[in-house]
Amino acid sequence: MPALADHRSTSRDDLARRLEAEFLDLPSGTVDRCVADVLACVTHLGIDATPALVERMAREHLVGKVRSEPPSGRAGLWSGAPPHRAARAARAAGADG
């Protein structure tokens, strides 16, 4: 049984704490969930879930999360309808008036 297979494993918790310290911009729950998700995916695929593998994959996912956030942050970015819906609504309003 892989060392990280037990979701209460000390090594899994240690891994999550290390990644939380590295990714301070993300909520700790997000980091914990990422580690758990990576562990579940690796286990589901039948791959040996070594701590090094899970850490490397979780770090890649977390880096992607950090890099994908717009510089202005998430709040307010999509206030209102998404652009394609707003454009469609504007065209419909112009056709009616």
# chains A, B, ... in the order shown; residues from 1 in each chain; ligands from 1
call {"tool": "residues_around", "arguments": {"residues": "stretch 13-21 of chain A", "least_positions_apart": "6", "cutoff": "8 Å", "atoms": "only C-alpha atoms", "output": "CSV table (one decimal) with N, CA, C and O atoms, in the first residue's frame"}}
result
chain,number,residue,atom,x,y,z
A,27,PRO,N,-5.6,29.7,-0.6
A,27,PRO,CA,-6.2,29.3,0.7
A,27,PRO,C,-5.7,27.9,1.0
A,27,PRO,O,-5.5,27.0,0.2
A,28,SER,N,-5.5,27.6,2.3
A,28,SER,CA,-5.0,26.3,2.7
A,28,SER,C,-5.9,25.2,2.3
A,28,SER,O,-5.5,24.1,2.0
A,31,VAL,N,-5.1,24.1,-1.2
A,31,VAL,CA,-3.9,23.3,-1.3
A,31,VAL,C,-4.2,21.9,-0.8
A,31,VAL,O,-3.8,20.9,-1.4
A,32,ASP,N,-4.9,21.8,0.3
A,32,ASP,CA,-5.2,20.4,0.8
A,32,ASP,C,-6.1,19.6,-0.2
A,32,ASP,O,-5.8,18.5,-0.4
A,35,VAL,N,-3.9,18.4,-3.1
A,35,VAL,CA,-3.1,17.2,-2.7
A,35,VAL,C,-4.0,16.0,-2.7
A,35,VAL,O,-3.6,14.9,-3.2
A,51,PRO,N,5.4,9.9,-2.2
A,51,PRO,CA,5.3,11.3,-1.7
A,51,PRO,C,5.9,12.3,-2.8
A,51,PRO,O,5.4,13.3,-3.0
A,55,GLU,N,3.8,15.2,-4.6
A,55,GLU,CA,4.2,16.6,-4.4
A,55,GLU,C,4.5,17.3,-5.7
A,55,GLU,O,4.1,18.4,-5.9
A,59,ARG,N,2.3,20.4,-7.0
A,59,ARG,CA,3.0,21.7,-7.2
A,59,ARG,C,2.7,22.2,-8.6
A,59,ARG,O,2.4,23.4,-8.8
call {"tool": "residues_around", "arguments": {"residues": "A:Asp37", "least_positions_apart": "4", "cutoff": "12 Å", "atoms": "only C-alpha atoms", "output": "NGL selection string"}}
result
:A and (4-5 or 7 or 12 or 16 or 29-33 or 41-44 or 49 or 54-55 or 57-58 or 61-62)
call {"tool": "atom_distance", "arguments": {"atom1": "atom CA of A:Arg56", "atom2": "atom CA of A:Ser72"}}
result
27.9 Å
call {"tool": "closest_residue", "arguments": {"among": "A:Ser11, A:Ala52, A:Gly46, A:Glu60", "to": "A:Cys34", "atoms": "only C-alpha atoms"}}
result
A:Glu60
